[in-house]
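Some notes on the structure that comes next.
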Amino acid sequence: MTPSFPKPRKSARTAAKPAKKSKVGGAAEWADERLGLATMAKKNIRKVFPDHWSFMLGEIALWSFVVLLLTGVFLTFWFKPSMAEVTYMGSYDQLRGLHMSEAYASTLDISFDVRGGLLMRQMHHWSAMLFIAAMFVHLMRVFFTGAFRKPRELNWVIGGTLLILGMVEGFSGYSLPDDLLSGTGLRFADGLVKATPVVGTYMSFFLFGGEFPGDDIVPRLFTVHVLLLPGLLLALIGAHMLLLVYHKHTQWPGPGRTEKNVVGFPMLPVYAAKAGGFFFIVFGVTALMGALLTINPIWQYGPYDPSKVTAGSQPDWYMGVAEGLVRIMPGWETELWGYTLSWNLFIPGQLMPGVIFGLVLMYPFIEAWITGDKRDHHLLQRPRNAPNRTAFLVAVMTFYAFGWIAGGNDVLAVIFNMSLNQLIIFLRIAIFVGPVIAFIITRRWCISLQRQDEETLLHGYETGIIMRSPDGSYSERHLPISADTAYTLTARDRDEVYELPAGTDGNGVAAPRGPIHKVRSKLSRFWFGSNVQKPTREELEAAQHHADHELALHAAEAHPADGHQYDGRNDIAGDELRKH
Amino acid sequence: MVDPHLPVPGDPIDNPGLPHHEPRPTDVDPAAEKRAERQVAAMFGLSAICALLFCVAYFAFDIGEETDTFMGLGASNLFLGLSLGFALLLIGMGAIQWARKLMRDHEIVEMRHPVASSEPDRTEALAALTQGTADSGIARRPLIRNSLLGAVAMLGLPAVVALRDLGPLPGDALERTVWRKGMRIVNDVAGTPIKPDQVEIGQLINAEPAVFFATDEEGEPVIEGHELQAEKAKAAVILVRMQPEDINPFPARENWGVDGILCYSKICTHVGCPISLYEQQTHHVLCPCHQSTFDLANNARVLFGPAARPLPQLPISVDDEGYLIAQSGFEEPVGPSFWERGE
């Protein structure tokens with residue numbers, strides 16, 4: 001500090017002179033001398049995040065996870081992960097005096113004898129649902145917009161793994177209270193494990209510490225639920241976020257937004273306030289849900305008893321598909337040389353989840369192989385511009401929806417007064433046929449939307465003004481779209497169909513034309529063949545020239561068409577109609 | 001750096017560049033700005049009040065045996081949740097309002113950098129890797145490399161073997177139940193033995209083996225705790241009575257019932273849920289978990305659903321005092337299928 005210097009008037013322009021240090025500056029200096037953070041901070045404090053509502057979906061998942069950690073820690077203070085038998089002496093009348101596990105008794109205590117305990121339990125359960133639902137929707141957003149493409153494939157794989165782990169974490173969580181419903185879920189898990197070929201019986205005995213239900217499963221699941229899986233989730237979420245920061249967020253194409261830049265608001269202050277504020281909103285909404293919406297009222301179910309079950313027993317919604325697949329599977333079982341293979345469980349319960357998740361995790365690599373696209377992509381694609389990708393996910397969603405319906409078939413049959421058997425037979429067919437139909441419709445729908453985009457680009461938008469020409473024919477007036485809209489519509493890559501390489505290379509070696517290349521070429525043709533490519537500059541100019549000519553013709557008419565005053569090109573101030 | 005707004009060859013329209021910034025009302029109107037400022041501060045202030053209300057609700061409302069209620073809802077849970085919810089929501093809404101109305105809203109542009117490292121960096125990293133590998137001599141000394149790989153692979157064995165004590169070996173546990181010749185079939189709630197004339201046609205009784213209710217000399221239950229749960233998971237049965245002429249037993253099972261009373265395992269052969277939805281007109285029983293349907297008049301064969309095997313049947317008769325008893329244990333394992341299960 002040199003007090004003799006006059007205080008600089010414009011500190012920003014006279015950075016060379018030592019300005020009076022602010023408090024923030026002092027603290028930052030103290031920290032940097034010990035941690036050396038300035039190099040990293042200078043790039044990240046004003047890091048740019050592009051703005052779009054759909055970029056918020058992953059944030060819901062992130063903040064729900066934080067709410068889960070906070071409420072979960074609260075619950076562990078009272079929950080006793082033990083299956084030792086106790087006599088319940090708590091506040092809930094209907095169950096007092098009953099024998100039950102300590103796990104169930106302590107969950108009742110949290111619900112009835114700890115102030116705020118029920119709130120935290122319900123918030124924990126609701127945020128778990130939000131966490132998984134948000135991950136699902138976030139995954140769909142990333143998929144539909146092609147945000148998983150190079151260089152983000154690995155982050156896609158991390159995200160998919162997070163979803164799987166989140167679902168297992170959810171199952172291990174709702175199995176802990178040891179009530180009748182969660183015990184029924186574990187009974188199902190036991191049956192599923194036992195259906196594993198060769199080692200199933202051993203796996204079941206090792207998992208449950210003996211014969212189902214044993215007295216080990218709750219403490220074991222507790223360790224998995226509060227230590228193992230949250231640890232993995234936390235590490236993977238960290239990796240997911242680090243990669244997000246390193247890759248920089250994708251953005252929608254538009255005026256000024258290119259593959260080479262990222263346009264948006266700076267982290268400090270706008271995103272810090274928006275994202276930080278959003279954490280409080282997610283937390284607050286969860287608290288309101290915990291206050292107003294009862295979830296998993298375990299006191300109504302009673303303690304677990306393997307000889308009892310209630311009609312309408314169902315898992316949490318995200319397990320509904322696995323449940324549905326198991327329900328509509330025919331009862332196939334093979335017995336060979338005294339060994340039993342339960343296809344009725346092995347296929348829907350073990351094979352199918354593996355296949356579906358495998359397909360989803362591998363998708364970026366499969367698509368890149370078909371398209372042969374090795375470029376980096378930072379601009380998002382509209383779902384219509386990738387018809388097969390969009391149609392693929394819609395087909396998967398259709399499959400999922402039928403599986404989900406099947407998971408609640410008993411409830412649906414009762415509500416809609418249908419035959420349960422007919423519903424199941426319908427679903428057995430629909431789950432195969434439905435996705436195919438959905439694929440075809442979505443694909444054609446996307447292509448139609450592409451054609452509409454091309455129409456709009458070349459011939460302008462439909463004004464809704466119908467013109468009658470002097471010779472009596474009617475036509476709809478089209479008007480050109482703005483330059484920004486036109487640019488946004490054309491801001492996409494041209495698709496290139498992968499052609500079989502012909503002939504030989506420089507060394508006289510024949511180009512690869514093996515069957516795998518033929519398949520790839522066919523797939524690529526199917527993938528891109530029907531797409532409408534954006535017009536060339538010449539085509540666009542020719543079309544615009546044509547439109548200008550038409551406009552000029554109309555302008556030359558003595559009386560411009562009525563209705564034109566509202567097409568955004570005329571001054572409507574003082575218009576009589578507008579005043580009403 | 002390439003100017004991103006230069007025309008891209010083949011693109012029909014040149015990038016028009018960022019649209020210019022439109023000011024918000026709060027940027028140009030000091031009154032609007034002041035109003036937004038007051039809104040944000042009011043939200044933060046209300047949040048603080050809600051936080052205080054949470055503390056008031058915590059101490060004001062009773063839980064436990066005599067709970068306070070409000071409109072039929074637990075007052076404590078309701079007001080704790082509402083006050084906490086609004087305390088949090090108002091902070092969030094205030095912060096977002098602040099960002100949207102008052103913080104500078106000029107979009108800024110940041111250039112992207114290639115995700116991959118630069119070519120010199122790659123070369124250097126590869127050279128370092130090569131040098132390091134060469135220094136270790138791992139390529140030149142396959143003996144060391146292979147023995148190390150073998151040793152590390154062998155570590156998998158302790159990792160697996162150490163888990164051996166997670167549970168006992170299955171043995172024949174899944175193939176036997178507590179049912180024995182002569183064991184009484186008792187009501188599953190009270191444990192009272194059942195006489196045939198207590199079972200009416202069309203009725204389904206949830207039953208269990210008498211041993212679940214038996215006590216030893218000191219009055220302690222013979223089976224209790226998780227052992228009882230495990231045995232229940234296998235030994236629970238259902239008793240049904242139908243017109244004897246409706247029953248079509250297998251030839252070997254003709255004397256397995258008593259006057260139209262039949263006894264089947266209650267544990268579904270699919271994944272082991274207790275089945276209990278009985279349709280007395282058709283003699284069908286339905287599993288509430290996955291809707292497998294069994295025909296009790298026809299040896300409990302599967303009519304529909306994902307189960308593959310009929311429910312095992314327990315042969316029954318009556319003892320000297322006229323109570324229903326088991327003729328023997330089950331002849332096959334009950335419950336879900338497993339690999340070693342054979343005929």
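Letters A, B, ... go to the chains of the structure tokens in the order shown; residues in each chain start at 1; ligands are counted from 1 in the same order.
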Who sits within 10 Å of Pro353 in chain A, only C-alpha atoms, same chain under 3 positions skipped, as a list in words: Ile164, Val321, Ala322, Leu325, Ile347, Pro348, Gly349, Gln350, Ile356, Phe357, Gly358 and Leu359 of chain A
Save the residues we just selected, C-alpha atoms, as a PDB file, in the first residue's frame?
ATOM      1  CA  ILE A 164     -29.242 -47.836 -13.002  1.00  0.00           C
ATOM      2  CA  VAL A 321     -41.479 -52.167 -16.043  1.00  0.00           C
ATOM      3  CA  ALA A 322     -39.512 -55.101 -14.689  1.00  0.00           C
ATOM      4  CA  LEU A 325     -42.448 -57.864 -18.004  1.00  0.00           C
ATOM      5  CA  ILE A 347     -35.871 -63.714 -19.491  1.00  0.00           C
ATOM      6  CA  PRO A 348     -37.967 -60.782 -18.210  1.00  0.00           C
ATOM      7  CA  GLY A 349     -36.173 -60.285 -14.887  1.00  0.00           C
ATOM      8  CA  GLN A 350     -32.511 -60.789 -15.724  1.00  0.00           C
ATOM      9  CA  ILE A 356     -32.289 -52.771 -22.496  1.00  0.00           C
ATOM     10  CA  PHE A 357     -29.627 -51.054 -20.410  1.00  0.00           C
ATOM     11  CA  GLY A 358     -26.868 -52.446 -22.610  1.00  0.00           C
ATOM     12  CA  LEU A 359     -28.576 -51.045 -25.682  1.00  0.00           C
TER      13      LEU A 359
END
Can you check which residues of chain B have any atom within 6 Å of chain A? Use only C-alpha atoms and format it as a PyMOL selection string. chain B and resi 12-13+15-18+64-65+77-78+81-82+85+88-89+92+95-96+99+107-112+166-168+226+230+233+236+271+274+288+290+306-308+336+338-342
When you look at Ile316 in chain B with a cut-off of 7 Å (counting only C-alpha atoms), what residues show up, excluding the ones that are within fewer than 3 positions of it in the same chain? I need them as a PyMOL selection string. chain B and resi 256-258+324-327
Within range 131-187 of chain A, find each residue whose DSSP state, derived from the backbone, is helix (DSSP H, G or I), and express the selection as a short mmCIF file (atom, residue, chain, number, x, y, z; two decimals) with C-alpha atoms, in the first residue's frame.
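For reference, part-v9.cif as written:
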data_model
loop_
_atom_site.label_atom_id
_atom_site.label_comp_id
_atom_site.auth_asym_id
_atom_site.auth_seq_id
_atom_site.Cartn_x
_atom_site.Cartn_y
_atom_site.Cartn_z
CA PHE A 131 -34.31 -38.06 -8.50
CA ILE A 132 -35.07 -41.06 -10.69
CA ALA A 133 -37.83 -39.36 -12.68
CA ALA A 134 -35.58 -36.38 -13.39
CA MET A 135 -32.77 -38.69 -14.50
CA PHE A 136 -35.16 -40.45 -16.88
CA VAL A 137 -36.41 -37.20 -18.41
CA HIS A 138 -32.88 -35.75 -18.55
CA LEU A 139 -31.73 -38.88 -20.37
CA MET A 140 -34.56 -38.49 -22.85
CA ARG A 141 -33.68 -34.84 -23.43
CA VAL A 142 -30.04 -35.70 -24.07
CA PHE A 143 -31.05 -38.52 -26.38
CA PHE A 144 -33.65 -36.65 -28.42
CA GLU A 153 -20.33 -40.45 -25.24
CA LEU A 154 -18.57 -41.33 -22.00
CA ASN A 155 -20.62 -38.84 -20.05
CA TRP A 156 -23.68 -40.52 -21.50
CA VAL A 157 -22.42 -43.86 -20.22
CA ILE A 158 -21.78 -42.33 -16.78
CA GLY A 159 -25.29 -40.87 -16.80
CA GLY A 160 -26.86 -44.19 -17.78
CA THR A 161 -24.93 -45.92 -15.01
CA LEU A 162 -26.19 -43.30 -12.56
CA LEU A 163 -29.75 -44.11 -13.56
CA ILE A 164 -29.24 -47.84 -13.00
CA LEU A 165 -27.53 -47.25 -9.66
CA GLY A 166 -30.27 -44.80 -8.69
CA MET A 167 -32.93 -47.42 -9.28
CA VAL A 168 -31.05 -50.05 -7.26
CA GLU A 169 -30.54 -47.43 -4.55
CA GLY A 170 -34.28 -46.77 -4.57
CA PHE A 171 -35.11 -50.46 -4.27
CA SER A 172 -32.63 -51.01 -1.45
CA GLY A 173 -34.14 -48.00 0.30
CA TYR A 174 -37.77 -48.94 0.20
CA LEU A 180 -45.45 -56.14 4.46
CA LEU A 181 -45.03 -54.38 1.12
CA SER A 182 -41.24 -54.13 1.19
CA GLY A 183 -41.00 -57.75 2.36
CA THR A 184 -43.11 -58.79 -0.60
CA GLY A 185 -40.67 -56.90 -2.82
CA LEU A 186 -37.79 -58.82 -1.27
CA ARG A 187 -39.68 -62.08 -1.73
#
Mind checking DSSP for range 388-497 of chain A and telling me the strand (DSSP E) residues as a list in words?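 Across range 388-497 of chain A, those assigned strand (DSSP E) are Tyr461, Glu462, Thr463, Gly464, Ile465, Ile466, Met467, Arg468, Tyr474, Ser475, Glu476, Arg477, His478 and Leu479 of chain A.
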What separation in Å, quoted to one decimal, exists between CA of Lys101 in chain B and CA of Trp252 in chain A?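 It comes out at 23.7 Å.
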